[in-house]
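**Student:** Hey, dropping final.json in here, JSON, C-alpha atoms and all ligand atoms:
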```json
[["chain", "number", "residue", "atom", "x", "y", "z"],
["A", 3, "MET", "CA", -66.92, -27.43, 27.91],
["A", 4, "PHE", "CA", -67.51, -24.13, 29.68],
["A", 5, "ASP", "CA", -69.07, -20.92, 28.63],
["A", 6, "THR", "CA", -66.36, -18.46, 29.62],
["A", 7, "ALA", "CA", -68.32, -15.34, 28.75],
["A", 8, "ASP", "CA", -68.79, -14.37, 32.38],
["A", 9, "THR", "CA", -65.42, -15.58, 33.52],
["A", 10, "ASP", "CA", -63.53, -13.19, 35.74],
["A", 11, "THR", "CA", -59.97, -13.73, 34.67],
["A", 12, "THR", "CA", -57.72, -12.61, 37.47],
["A", 13, "THR", "CA", -54.24, -11.41, 36.73],
["A", 14, "THR", "CA", -51.91, -10.20, 39.42],
["A", 15, "THR", "CA", -50.33, -6.84, 39.23],
["A", 16, "THR", "CA", -50.45, -6.28, 42.98],
["A", 17, "VAL", "CA", -50.33, -9.12, 45.43],
["A", 18, "ILE", "CA", -50.49, -8.77, 49.17],
["A", 19, "HIS", "CA", -48.61, -11.75, 50.50],
["A", 20, "PRO", "CA", -51.01, -14.14, 52.23],
["A", 21, "SER", "CA", -48.90, -14.08, 55.35],
["A", 22, "GLY", "CA", -49.50, -10.34, 55.55],
["A", 23, "ARG", "CA", -45.91, -9.55, 54.54],
["A", 24, "ASN", "CA", -45.94, -6.97, 51.83],
["A", 25, "THR", "CA", -42.78, -8.07, 50.08],
["A", 26, "PRO", "CA", -41.89, -6.99, 46.57],
["A", 27, "PRO", "CA", -42.16, -9.89, 44.12],
["A", 28, "PHE", "CA", -39.13, -12.04, 43.48],
["A", 29, "MET", "CA", -40.24, -12.52, 39.91],
["A", 30, "GLU", "CA", -42.86, -10.92, 37.67],
["A", 31, "ILE", "CA", -44.36, -12.86, 34.79],
["A", 32, "ARG", "CA", -46.11, -10.66, 32.26],
["A", 33, "ASP", "CA", -48.10, -11.64, 29.16],
["A", 34, "LEU", "CA", -46.29, -14.94, 28.82],
["A", 35, "ASN", "CA", -47.14, -16.88, 25.67],
["A", 36, "LEU", "CA", -45.49, -20.10, 24.50],
["A", 37, "TRP", "CA", -45.82, -22.14, 21.33],
["A", 38, "TYR", "CA", -44.59, -25.67, 20.65],
["A", 39, "GLY", "CA", -44.30, -25.36, 16.87],
["A", 40, "GLU", "CA", -47.77, -24.24, 15.74],
["A", 41, "LYS", "CA", -49.45, -25.22, 18.98],
["A", 42, "GLN", "CA", -49.92, -22.50, 21.56],
["A", 43, "ALA", "CA", -49.56, -23.98, 25.04],
["A", 44, "LEU", "CA", -49.55, -20.79, 27.16],
["A", 45, "ILE", "CA", -51.77, -17.78, 26.52],
["A", 46, "ASP", "CA", -51.23, -14.40, 28.21],
["A", 47, "VAL", "CA", -50.10, -15.78, 31.54],
["A", 48, "ASN", "CA", -49.55, -13.18, 34.29],
["A", 49, "PHE", "CA", -48.47, -13.68, 37.88],
["A", 50, "ASP", "CA", -45.95, -12.63, 40.50],
["A", 51, "LEU", "CA", -43.86, -14.90, 42.65],
["A", 52, "HIS", "CA", -43.02, -13.74, 46.17],
["A", 53, "PRO", "CA", -40.18, -14.79, 48.45],
["A", 54, "GLY", "CA", -41.41, -16.90, 51.33],
["A", 55, "GLU", "CA", -44.50, -18.26, 49.60],
["A", 56, "ALA", "CA", -45.54, -21.64, 48.25],
["A", 57, "LEU", "CA", -47.55, -21.21, 45.06],
["A", 58, "ALA", "CA", -49.39, -24.28, 43.75],
["A", 59, "PHE", "CA", -50.15, -24.75, 40.06],
["A", 60, "ILE", "CA", -53.31, -26.78, 39.60],
["A", 61, "GLY", "CA", -55.53, -27.61, 36.64],
["A", 62, "PRO", "CA", -56.53, -30.44, 34.32],
["A", 63, "SER", "CA", -54.02, -32.55, 32.44],
["A", 64, "GLY", "CA", -52.45, -30.71, 29.51],
["A", 65, "CYS", "CA", -53.47, -27.21, 30.68],
["A", 66, "GLY", "CA", -49.88, -25.92, 30.70],
["A", 67, "LYS", "CA", -48.68, -26.26, 34.30],
["A", 68, "SER", "CA", -45.34, -27.93, 33.50],
["A", 69, "THR", "CA", -44.82, -25.70, 30.50],
["A", 70, "ALA", "CA", -45.26, -22.62, 32.70],
["A", 71, "LEU", "CA", -42.99, -23.99, 35.43],
["A", 72, "LYS", "CA", -40.20, -24.66, 32.93],
["A", 73, "CYS", "CA", -40.39, -21.06, 31.67],
["A", 74, "LEU", "CA", -39.28, -19.75, 35.05],
["A", 75, "ASN", "CA", -35.72, -21.06, 34.78],
["A", 76, "ARG", "CA", -35.48, -21.20, 30.96],
["A", 77, "MET", "CA", -35.72, -24.96, 30.80],
["A", 78, "HIS", "CA", -37.21, -24.65, 27.33],
["A", 79, "ASP", "CA", -33.95, -23.26, 25.95],
["A", 80, "ASP", "CA", -32.96, -26.62, 24.51],
["A", 81, "THR", "CA", -36.43, -27.74, 23.36],
["A", 82, "ARG", "CA", -36.82, -27.61, 19.60],
["A", 83, "ASP", "CA", -39.46, -25.39, 18.03],
["A", 84, "VAL", "CA", -40.39, -23.51, 21.20],
["A", 85, "ARG", "CA", -41.23, -19.81, 20.88],
["A", 86, "ILE", "CA", -41.81, -17.60, 23.91],
["A", 87, "THR", "CA", -43.09, -14.03, 24.11],
["A", 88, "GLY", "CA", -43.71, -11.82, 27.14],
["A", 89, "GLN", "CA", -41.55, -10.86, 30.10],
["A", 90, "LEU", "CA", -40.18, -12.88, 33.00],
["A", 91, "VAL", "CA", -38.58, -10.22, 35.16],
["A", 92, "LEU", "CA", -36.08, -11.15, 37.85],
["A", 93, "ASP", "CA", -34.09, -8.44, 39.66],
["A", 94, "GLY", "CA", -35.44, -5.88, 37.24],
["A", 95, "GLU", "CA", -34.22, -7.70, 34.15],
["A", 96, "ASP", "CA", -35.91, -10.05, 31.71],
["A", 97, "ILE", "CA", -34.41, -13.52, 32.09],
["A", 98, "HIS", "CA", -34.11, -13.76, 28.29],
["A", 99, "HIS", "CA", -31.94, -10.65, 28.09],
["A", 100, "PRO", "CA", -28.64, -11.45, 26.31],
["A", 101, "ASP", "CA", -26.69, -10.38, 29.41],
["A", 102, "VAL", "CA", -28.30, -13.14, 31.49],
["A", 103, "ASP", "CA", -26.12, -16.23, 31.80],
["A", 104, "PRO", "CA", -28.45, -19.30, 31.75],
["A", 105, "PRO", "CA", -26.33, -21.51, 34.08],
["A", 106, "LEU", "CA", -26.14, -18.69, 36.64],
["A", 107, "LEU", "CA", -29.87, -18.10, 36.29],
["A", 108, "ARG", "CA", -30.63, -21.81, 36.79],
["A", 109, "ARG", "CA", -28.48, -21.88, 39.90],
["A", 110, "ARG", "CA", -31.11, -19.70, 41.55],
["A", 111, "PHE", "CA", -33.82, -22.30, 40.85],
["A", 112, "GLY", "CA", -33.72, -25.79, 42.32],
["A", 113, "TRP", "CA", -35.66, -28.34, 40.29],
["A", 114, "VAL", "CA", -37.44, -31.37, 41.76],
["A", 115, "ALA", "CA", -39.03, -33.75, 39.27],
["A", 116, "GLN", "CA", -41.98, -36.08, 39.74],
["A", 117, "LYS", "CA", -39.88, -39.22, 39.56],
["A", 118, "PRO", "CA", -36.86, -39.16, 41.87],
["A", 119, "ASN", "CA", -33.82, -39.02, 39.62],
["A", 120, "PRO", "CA", -30.62, -39.17, 41.70],
["A", 121, "PHE", "CA", -27.31, -39.49, 39.88],
["A", 122, "PRO", "CA", -25.91, -43.04, 39.84],
["A", 123, "SER", "CA", -23.17, -41.88, 42.18],
["A", 124, "SER", "CA", -22.65, -41.70, 45.94],
["A", 125, "ILE", "CA", -25.13, -39.88, 48.17],
["A", 126, "TRP", "CA", -22.36, -37.38, 48.94],
["A", 127, "ASN", "CA", -21.62, -36.71, 45.27],
["A", 128, "ASN", "CA", -25.31, -36.16, 44.54],
["A", 129, "VAL", "CA", -25.44, -33.30, 47.02],
["A", 130, "ALA", "CA", -21.93, -31.91, 46.53],
["A", 131, "TYR", "CA", -22.27, -31.72, 42.76],
["A", 132, "GLY", "CA", -24.19, -28.43, 42.42],
["A", 133, "ALA", "CA", -22.10, -26.54, 44.98],
["A", 134, "ARG", "CA", -18.89, -27.80, 43.34],
["A", 135, "LEU", "CA", -20.07, -26.97, 39.83],
["A", 136, "HIS", "CA", -20.68, -23.37, 40.81],
["A", 137, "GLY", "CA", -17.64, -23.09, 43.09],
["A", 138, "LEU", "CA", -19.78, -22.10, 46.05],
["A", 139, "MET", "CA", -17.60, -23.53, 48.83],
["A", 140, "ARG", "CA", -14.07, -22.38, 49.65],
["A", 141, "ASP", "CA", -12.61, -25.75, 50.55],
["A", 142, "LYS", "CA", -13.32, -29.40, 51.26],
["A", 143, "ALA", "CA", -14.24, -28.80, 54.90],
["A", 144, "GLU", "CA", -16.80, -26.19, 53.94],
["A", 145, "LEU", "CA", -18.19, -28.51, 51.28],
["A", 146, "GLU", "CA", -18.49, -31.32, 53.86],
["A", 147, "GLY", "CA", -20.47, -29.01, 56.12],
["A", 148, "HIS", "CA", -22.64, -27.88, 53.23],
["A", 149, "VAL", "CA", -23.50, -31.45, 52.21],
["A", 150, "GLU", "CA", -24.53, -32.18, 55.79],
["A", 151, "THR", "CA", -26.62, -29.00, 55.99],
["A", 152, "CYS", "CA", -28.47, -29.81, 52.75],
["A", 153, "LEU", "CA", -29.14, -33.37, 53.90],
["A", 154, "ARG", "CA", -30.35, -32.14, 57.28],
["A", 155, "ARG", "CA", -32.66, -29.59, 55.66],
["A", 156, "ALA", "CA", -34.06, -32.42, 53.52],
["A", 157, "HIS", "CA", -34.57, -34.50, 56.69],
["A", 158, "LEU", "CA", -32.33, -37.25, 55.33],
["A", 159, "TRP", "CA", -29.12, -36.83, 57.29],
["A", 160, "GLU", "CA", -29.88, -39.25, 60.12],
["A", 161, "GLU", "CA", -30.84, -41.98, 57.67],
["A", 162, "VAL", "CA", -27.76, -41.73, 55.45],
["A", 163, "ARG", "CA", -24.95, -40.24, 57.55],
["A", 164, "ASP", "CA", -23.07, -43.55, 57.77],
["A", 165, "ASP", "CA", -23.45, -44.37, 54.08],
["A", 166, "LEU", "CA", -22.58, -41.07, 52.41],
["A", 167, "HIS", "CA", -19.77, -42.52, 50.32],
["A", 168, "ARG", "CA", -20.69, -46.19, 50.46],
["A", 169, "LYS", "CA", -24.18, -46.03, 49.00],
["A", 170, "ALA", "CA", -25.33, -44.69, 45.67],
["A", 171, "GLY", "CA", -28.30, -42.33, 45.60],
["A", 172, "THR", "CA", -30.07, -44.90, 43.47],
["A", 173, "ASP", "CA", -29.76, -47.47, 46.31],
["A", 174, "LEU", "CA", -32.15, -45.52, 48.54],
["A", 175, "SER", "CA", -35.91, -46.06, 48.81],
["A", 176, "GLY", "CA", -38.18, -43.99, 46.57],
["A", 177, "GLY", "CA", -39.08, -41.54, 49.33],
["A", 178, "GLN", "CA", -35.46, -41.21, 50.43],
["A", 179, "GLN", "CA", -34.43, -40.65, 46.81],
["A", 180, "GLN", "CA", -36.89, -37.79, 46.54],
["A", 181, "ARG", "CA", -35.55, -36.19, 49.71],
["A", 182, "LEU", "CA", -32.03, -36.67, 48.29],
["A", 183, "CYS", "CA", -33.16, -34.86, 45.14],
["A", 184, "ILE", "CA", -34.43, -32.02, 47.34],
["A", 185, "ALA", "CA", -31.06, -31.93, 49.15],
["A", 186, "ARG", "CA", -29.37, -31.87, 45.73],
["A", 187, "ALA", "CA", -31.62, -29.01, 44.63],
["A", 188, "LEU", "CA", -30.65, -27.08, 47.80],
["A", 189, "SER", "CA", -26.95, -27.53, 47.06],
["A", 190, "THR", "CA", -26.78, -24.50, 44.75],
["A", 191, "GLN", "CA", -28.43, -22.32, 47.44],
["A", 192, "PRO", "CA", -31.40, -21.46, 45.21],
["A", 193, "ASP", "CA", -33.90, -18.68, 45.84],
["A", 194, "VAL", "CA", -36.73, -20.77, 44.41],
["A", 195, "LEU", "CA", -37.66, -24.45, 44.36],
["A", 196, "LEU", "CA", -39.61, -25.58, 41.31],
["A", 197, "MET", "CA", -41.37, -28.85, 42.08],
["A", 198, "ASP", "CA", -43.17, -30.73, 39.32],
["A", 199, "GLU", "CA", -45.52, -33.11, 41.15],
["A", 200, "PRO", "CA", -42.81, -34.02, 43.68],
["A", 201, "THR", "CA", -44.97, -36.61, 45.44],
["A", 202, "GLY", "CA", -46.54, -38.08, 42.31],
["A", 203, "SER", "CA", -44.58, -41.32, 42.53],
["A", 204, "ILE", "CA", -43.95, -41.84, 46.24],
["A", 205, "ASP", "CA", -46.02, -43.42, 49.01],
["A", 206, "PRO", "CA", -48.21, -41.52, 51.53],
["A", 207, "ILE", "CA", -45.64, -41.56, 54.36],
["A", 208, "ALA", "CA", -42.91, -40.27, 52.04],
["A", 209, "THR", "CA", -45.41, -37.71, 50.72],
["A", 210, "ALA", "CA", -46.08, -36.41, 54.22],
["A", 211, "LYS", "CA", -42.34, -35.94, 54.75],
["A", 212, "VAL", "CA", -41.96, -33.99, 51.50],
["A", 213, "GLU", "CA", -44.95, -31.79, 52.39],
["A", 214, "GLU", "CA", -43.39, -31.08, 55.79],
["A", 215, "LEU", "CA", -40.23, -30.03, 53.96],
["A", 216, "VAL", "CA", -42.15, -27.72, 51.64],
["A", 217, "LEU", "CA", -43.68, -25.99, 54.66],
["A", 218, "GLU", "CA", -40.24, -25.54, 56.24],
["A", 219, "LEU", "CA", -38.35, -24.54, 53.12],
["A", 220, "LYS", "CA", -40.84, -21.92, 52.00],
["A", 221, "GLU", "CA", -39.86, -19.84, 55.00],
["A", 222, "SER", "CA", -36.57, -19.06, 53.27],
["A", 223, "LYS", "CA", -37.44, -19.51, 49.59],
["A", 224, "ALA", "CA", -40.22, -19.22, 47.10],
["A", 225, "ILE", "CA", -41.67, -22.58, 46.10],
["A", 226, "VAL", "CA", -43.74, -23.31, 43.02],
["A", 227, "ILE", "CA", -45.31, -26.75, 43.21],
["A", 228, "ILE", "CA", -47.42, -28.55, 40.63],
["A", 229, "THR", "CA", -49.87, -30.90, 42.24],
["A", 230, "HIS", "CA", -52.84, -32.99, 41.17],
["A", 231, "SER", "CA", -53.88, -33.36, 44.80],
["A", 232, "MET", "CA", -56.26, -30.67, 45.97],
["A", 233, "MET", "CA", -55.65, -31.78, 49.55],
["A", 234, "GLN", "CA", -51.94, -31.26, 49.06],
["A", 235, "ALA", "CA", -52.44, -27.81, 47.55],
["A", 236, "ARG", "CA", -54.56, -26.89, 50.53],
["A", 237, "ARG", "CA", -52.02, -28.23, 53.01],
["A", 238, "VAL", "CA", -48.88, -26.61, 51.61],
["A", 239, "ALA", "CA", -49.74, -23.65, 49.39],
["A", 240, "ASP", "CA", -50.20, -20.00, 50.35],
["A", 241, "ARG", "CA", -51.65, -19.24, 46.93],
["A", 242, "VAL", "CA", -53.11, -21.35, 44.17],
["A", 243, "ALA", "CA", -52.95, -20.69, 40.44],
["A", 244, "TYR", "CA", -55.58, -22.45, 38.34],
["A", 245, "PHE", "CA", -54.59, -23.16, 34.72],
["A", 246, "HIS", "CA", -57.15, -23.98, 32.04],
["A", 247, "LEU", "CA", -56.44, -24.60, 28.34],
["A", 248, "GLY", "CA", -53.15, -22.71, 28.50],
["A", 249, "ARG", "CA", -54.48, -19.72, 30.43],
["A", 250, "LEU", "CA", -53.86, -18.87, 34.05],
["A", 251, "LEU", "CA", -57.54, -18.36, 34.68],
["A", 252, "GLU", "CA", -57.45, -17.49, 38.35],
["A", 253, "ILE", "CA", -54.91, -17.02, 41.13],
["A", 254, "GLY", "CA", -55.53, -16.23, 44.76],
["A", 255, "PRO", "CA", -54.96, -17.14, 48.40],
["A", 256, "THR", "CA", -55.46, -20.87, 48.94],
["A", 257, "GLU", "CA", -58.45, -20.64, 51.25],
["A", 258, "THR", "CA", -60.20, -18.18, 48.95],
["A", 259, "MET", "CA", -59.62, -20.43, 45.95],
["A", 260, "PHE", "CA", -60.96, -23.45, 47.80],
["A", 261, "THR", "CA", -64.01, -21.81, 49.29],
["A", 262, "ASN", "CA", -64.83, -18.97, 46.96],
["A", 263, "ALA", "CA", -63.12, -19.25, 43.56],
["A", 264, "LYS", "CA", -64.45, -16.68, 41.13],
["A", 265, "THR", "CA", -64.37, -18.72, 37.94],
["A", 266, "ARG", "CA", -66.79, -21.57, 37.45],
["A", 267, "GLU", "CA", -63.99, -23.63, 35.84],
["A", 268, "ALA", "CA", -61.80, -23.39, 38.96],
["A", 269, "ARG", "CA", -64.77, -24.15, 41.20],
["A", 270, "ALA", "CA", -65.71, -27.20, 39.15],
["A", 271, "PHE", "CA", -62.13, -28.49, 39.03],
["A", 272, "ILE", "CA", -61.59, -28.01, 42.76],
["A", 273, "ASP", "CA", -64.90, -29.78, 43.42],
["A", 274, "GLY", "CA", -63.63, -32.74, 41.40],
["A", 275, "GLN", "CA", -66.19, -32.41, 38.61],
["A", 276, "PHE", "CA", -63.47, -32.94, 36.00],
["A", 277, "GLY", "CA", -59.73, -33.52, 35.90],
["A", 301, "LIG", "N1", -42.30, -30.76, 24.11],
["A", 301, "LIG", "C1", -43.55, -30.58, 23.70],
["A", 301, "LIG", "N2", -43.83, -30.52, 22.38],
["A", 301, "LIG", "C2", -45.09, -30.32, 21.93],
["A", 301, "LIG", "N3", -46.17, -30.15, 22.74],
["A", 301, "LIG", "C3", -45.96, -30.21, 24.07],
["A", 301, "LIG", "C4", -44.65, -30.43, 24.61],
["A", 301, "LIG", "N4", -44.76, -30.45, 25.96],
["A", 301, "LIG", "C5", -46.06, -30.24, 26.24],
["A", 301, "LIG", "N5", -46.77, -30.10, 25.11],
["A", 301, "LIG", "C6", -48.21, -29.84, 25.02],
["A", 301, "LIG", "O1", -48.47, -28.60, 25.66],
["A", 301, "LIG", "C7", -49.69, -28.67, 26.41],
["A", 301, "LIG", "C8", -49.39, -28.37, 27.87],
["A", 301, "LIG", "O2", -48.63, -29.46, 28.39],
["A", 301, "LIG", "P1", -48.08, -29.46, 29.90],
["A", 301, "LIG", "O3", -47.21, -30.65, 30.03],
["A", 301, "LIG", "O4", -47.51, -28.14, 30.21],
["A", 301, "LIG", "O5", -49.44, -29.65, 30.70],
["A", 301, "LIG", "P2", -49.66, -30.02, 32.23],
["A", 301, "LIG", "O6", -50.76, -29.15, 32.72],
["A", 301, "LIG", "O7", -48.37, -29.98, 32.97],
["A", 301, "LIG", "O8", -50.19, -31.51, 32.11],
["A", 301, "LIG", "P3", -50.10, -32.76, 33.14],
["A", 301, "LIG", "O9", -50.90, -32.37, 34.34],
["A", 301, "LIG", "O10", -50.74, -33.88, 32.38],
["A", 301, "LIG", "O11", -48.64, -32.99, 33.43],
["A", 301, "LIG", "C9", -50.26, -30.07, 26.17],
["A", 301, "LIG", "O12", -51.18, -30.00, 25.12],
["A", 301, "LIG", "C10", -49.05, -30.87, 25.75],
["A", 301, "LIG", "O13", -49.40, -31.92, 24.90]]
```
Take the structure in this file and express it as structure tokens.
**Tutor:**
Amino acid sequence: MFDTADTDTTTTTTVIHPSGRNTPPFMEIRDLNLWYGEKQALIDVNFDLHPGEALAFIGPSGCGKSTALKCLNRMHDDTRDVRITGQLVLDGEDIHHPDVDPPLLRRRFGWVAQKPNPFPSSIWNNVAYGARLHGLMRDKAELEGHVETCLRRAHLWEEVRDDLHRKAGTDLSGGQQQRLCIARALSTQPDVLLMDEPTGSIDPIATAKVEELVLELKESKAIVIITHSMMQARRVADRVAYFHLGRLLEIGPTETMFTNAKTREARAFIDGQFG
């Protein structure tokens, strides 16, 4: 579709945080390639992830956004016929190093899926589960406080405080379920939230609440969010990464990407010329 001969492919070896903070990256992704069987879905992907930023993955359907997101916390470990090359460096160590314990690694990444997927158990159990699993709280009282904190941070506490044990997570509205899933993701005290189109199946009011949460939570975490909404990327992201046919073609500060993207593919996609 595009002649890419004059494309300026931007990789990120040095990133000045858009907020002006010059923090070292939380994670460095270098020359990441991924194959599903014979099919290559990611090609030489490079980027850094910084604490305190929201990074949006955008790009046309099938360009590799979800595949890239799942690499960050080794979600492909159990997918058949997946082969990965390259480095994903966290705390100076590749996350595929044999010394890395996958459950401990995943604890550092909260996952929020497109479709809210609470456990068919009480609201309280949904949130307590992760902290219990990893033995993060010393006793029941601490766990009670932690559940409340997670629900408050997800802006759900006031709506569910009287039903914590009476109602199942699945009994809540779609928007409430998604905020419950965010509270559940916060339960393991992650450093990063990975959000795969978190507002793709909820209404506009619920979407606004989730976006407000993203803006709050990114102050204390890194957030990587896949979105098909350019407006949403512009509202919540500090940086935007544009994927195209398995390549991360361009990454940069949100306003720069929206007003002055270097690659014609990113410009055309952002302008809505294709999707
Ligand atoms: N489990 C899998 N097995 C084989 N191929 C897969 C698998 N998952 C994804 N793919 C393929 O890899 C490519 C990238 O898919 P991916 O889901 O990462 O794209 P995406 O950008 O997230 O798309 P969308 O915006 O539609 O969700 C696509 O061609 C897809 O068909």
**Student:** Using all atoms listed in the file, find each residue with an atom at most 6 Å away from ligand LIG 301 (chain A) and format the answer as a VMD selection string.
**Tutor:** chain A and resid 38 43 62 to 69
**Student:** Can you list, as a VMD selection string, every protein, DNA or RNA residue that comes within 12 Å of Pro104 of chain A when you count all atoms listed in the file, leaving out same-chain residues fewer than 5 positions away?
**Tutor:** chain A and resid 74 to 80 96 to 99 109 to 111
**Student:** Would you kindly return, as a PyMOL selection string, each protein, DNA or RNA residue with an atom no farther than 10 Å from any atom of segment 272-277 of chain A, considering only C-alpha atoms and excluding same-chain residues fewer than 6 positions away?
**Tutor:** chain A and resi 60-63+230-233+244+259-261+263+266
**Student:** At a cut-off of 10 Å, using all atoms listed in the file, what residues contact Met197 of chain A? Leave out same-chain residues fewer than 2 positions from it and give the result as a ChimeraX atom specification.
**Tutor:** /A:58-59,68,71,112-116,184,194-195,199-201,216,225-229
**Student:** Which residues are close to Ala130 of chain A, i.e. within 12 Å by only C-alpha atoms, leaving aside same-chain residues fewer than 4 positions away? Reply as a ChimeraX atom specification.
**Tutor:** /A:121,123-126,134-139,141-153,166-167,182-183,185-191
**Student:** What is the atom CA of Leu90 of chain A to atom CA of His52 of chain A distance in Å?
**Tutor:**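 According to the coordinates, atom CA of Leu90 of chain A and atom CA of His52 of chain A are separated by 13.5 Å.
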**Student:** Suppose you want the space between atom CA of Asn119 of chain A and atom CA of Arg181 of chain A; what is it in Å?
**Tutor:**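 Atom CA of Asn119 of chain A sits 10.6 Å away from atom CA of Arg181 of chain A.
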**Student:** Rank A:Gly171, A:Pro27, A:Gly248, A:Gly94 by their smallest atom-to-atom distance to Gln42 of chain A, using all atoms listed in the file, and report the top residue only.
**Tutor:**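 For Gln42 of chain A, the nearest of the given residues is A:Gly248.
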**Student:** Add whatever atoms are absent from segment 33-55 of chain A to reach N, CA and C atoms, and provide the output as a JSON list (two decimals), in the frame of the given file.
**Tutor:**
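For reference, part_27.json as written:
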```json
[["chain", "number", "residue", "atom", "x", "y", "z"],
["A", 33, "ASP", "N", -47.66, -11.32, 30.53],
["A", 33, "ASP", "CA", -48.10, -11.64, 29.16],
["A", 33, "ASP", "C", -47.27, -12.76, 28.54],
["A", 34, "LEU", "N", -47.09, -13.81, 29.29],
["A", 34, "LEU", "CA", -46.29, -14.94, 28.82],
["A", 34, "LEU", "C", -47.10, -15.81, 27.86],
["A", 35, "ASN", "N", -46.54, -15.99, 26.67],
["A", 35, "ASN", "CA", -47.14, -16.88, 25.67],
["A", 35, "ASN", "C", -46.07, -17.87, 25.24],
["A", 36, "LEU", "N", -46.47, -19.10, 24.97],
["A", 36, "LEU", "CA", -45.49, -20.10, 24.50],
["A", 36, "LEU", "C", -46.14, -20.99, 23.46],
["A", 37, "TRP", "N", -45.37, -21.25, 22.39],
["A", 37, "TRP", "CA", -45.82, -22.14, 21.33],
["A", 37, "TRP", "C", -44.84, -23.31, 21.22],
["A", 38, "TYR", "N", -45.37, -24.51, 21.09],
["A", 38, "TYR", "CA", -44.59, -25.67, 20.65],
["A", 38, "TYR", "C", -44.89, -25.80, 19.16],
["A", 39, "GLY", "N", -43.99, -25.37, 18.31],
["A", 39, "GLY", "CA", -44.30, -25.36, 16.87],
["A", 39, "GLY", "C", -45.50, -24.46, 16.64],
["A", 40, "GLU", "N", -46.55, -25.02, 16.03],
["A", 40, "GLU", "CA", -47.77, -24.24, 15.74],
["A", 40, "GLU", "C", -48.70, -24.18, 16.94],
["A", 41, "LYS", "N", -48.48, -25.10, 17.88],
["A", 41, "LYS", "CA", -49.45, -25.22, 18.98],
["A", 41, "LYS", "C", -49.14, -24.25, 20.12],
["A", 42, "GLN", "N", -50.12, -23.43, 20.45],
["A", 42, "GLN", "CA", -49.92, -22.50, 21.56],
["A", 42, "GLN", "C", -50.29, -23.19, 22.86],
["A", 43, "ALA", "N", -49.33, -23.28, 23.78],
["A", 43, "ALA", "CA", -49.56, -23.98, 25.04],
["A", 43, "ALA", "C", -49.77, -23.03, 26.21],
["A", 44, "LEU", "N", -49.29, -21.79, 26.12],
["A", 44, "LEU", "CA", -49.55, -20.79, 27.16],
["A", 44, "LEU", "C", -50.06, -19.52, 26.51],
["A", 45, "ILE", "N", -51.11, -18.96, 27.11],
["A", 45, "ILE", "CA", -51.77, -17.78, 26.52],
["A", 45, "ILE", "C", -51.87, -16.67, 27.57],
["A", 46, "ASP", "N", -51.12, -15.61, 27.36],
["A", 46, "ASP", "CA", -51.23, -14.40, 28.21],
["A", 46, "ASP", "C", -51.22, -14.71, 29.71],
["A", 47, "VAL", "N", -50.20, -15.42, 30.13],
["A", 47, "VAL", "CA", -50.10, -15.78, 31.54],
["A", 47, "VAL", "C", -49.43, -14.65, 32.33],
["A", 48, "ASN", "N", -50.06, -14.26, 33.42],
["A", 48, "ASN", "CA", -49.55, -13.18, 34.29],
["A", 48, "ASN", "C", -49.59, -13.62, 35.74],
["A", 49, "PHE", "N", -48.45, -13.51, 36.42],
["A", 49, "PHE", "CA", -48.47, -13.68, 37.88],
["A", 49, "PHE", "C", -47.16, -13.19, 38.47],
["A", 50, "ASP", "N", -47.16, -12.98, 39.77],
["A", 50, "ASP", "CA", -45.95, -12.63, 40.50],
["A", 50, "ASP", "C", -45.60, -13.80, 41.41],
["A", 51, "LEU", "N", -44.30, -13.89, 41.69],
["A", 51, "LEU", "CA", -43.86, -14.90, 42.65],
["A", 51, "LEU", "C", -43.15, -14.16, 43.78],
["A", 52, "HIS", "N", -43.56, -14.47, 45.02],
["A", 52, "HIS", "CA", -43.02, -13.74, 46.17],
["A", 52, "HIS", "C", -42.09, -14.61, 47.00],
["A", 53, "PRO", "N", -41.02, -14.00, 47.55],
["A", 53, "PRO", "CA", -40.18, -14.79, 48.45],
["A", 53, "PRO", "C", -41.00, -15.24, 49.66],
["A", 54, "GLY", "N", -40.74, -16.42, 50.13],
["A", 54, "GLY", "CA", -41.41, -16.90, 51.33],
["A", 54, "GLY", "C", -42.81, -17.45, 51.11],
["A", 55, "GLU", "N", -43.17, -17.68, 49.84],
["A", 55, "GLU", "CA", -44.50, -18.26, 49.60],
["A", 55, "GLU", "C", -44.38, -19.60, 48.86]]
```
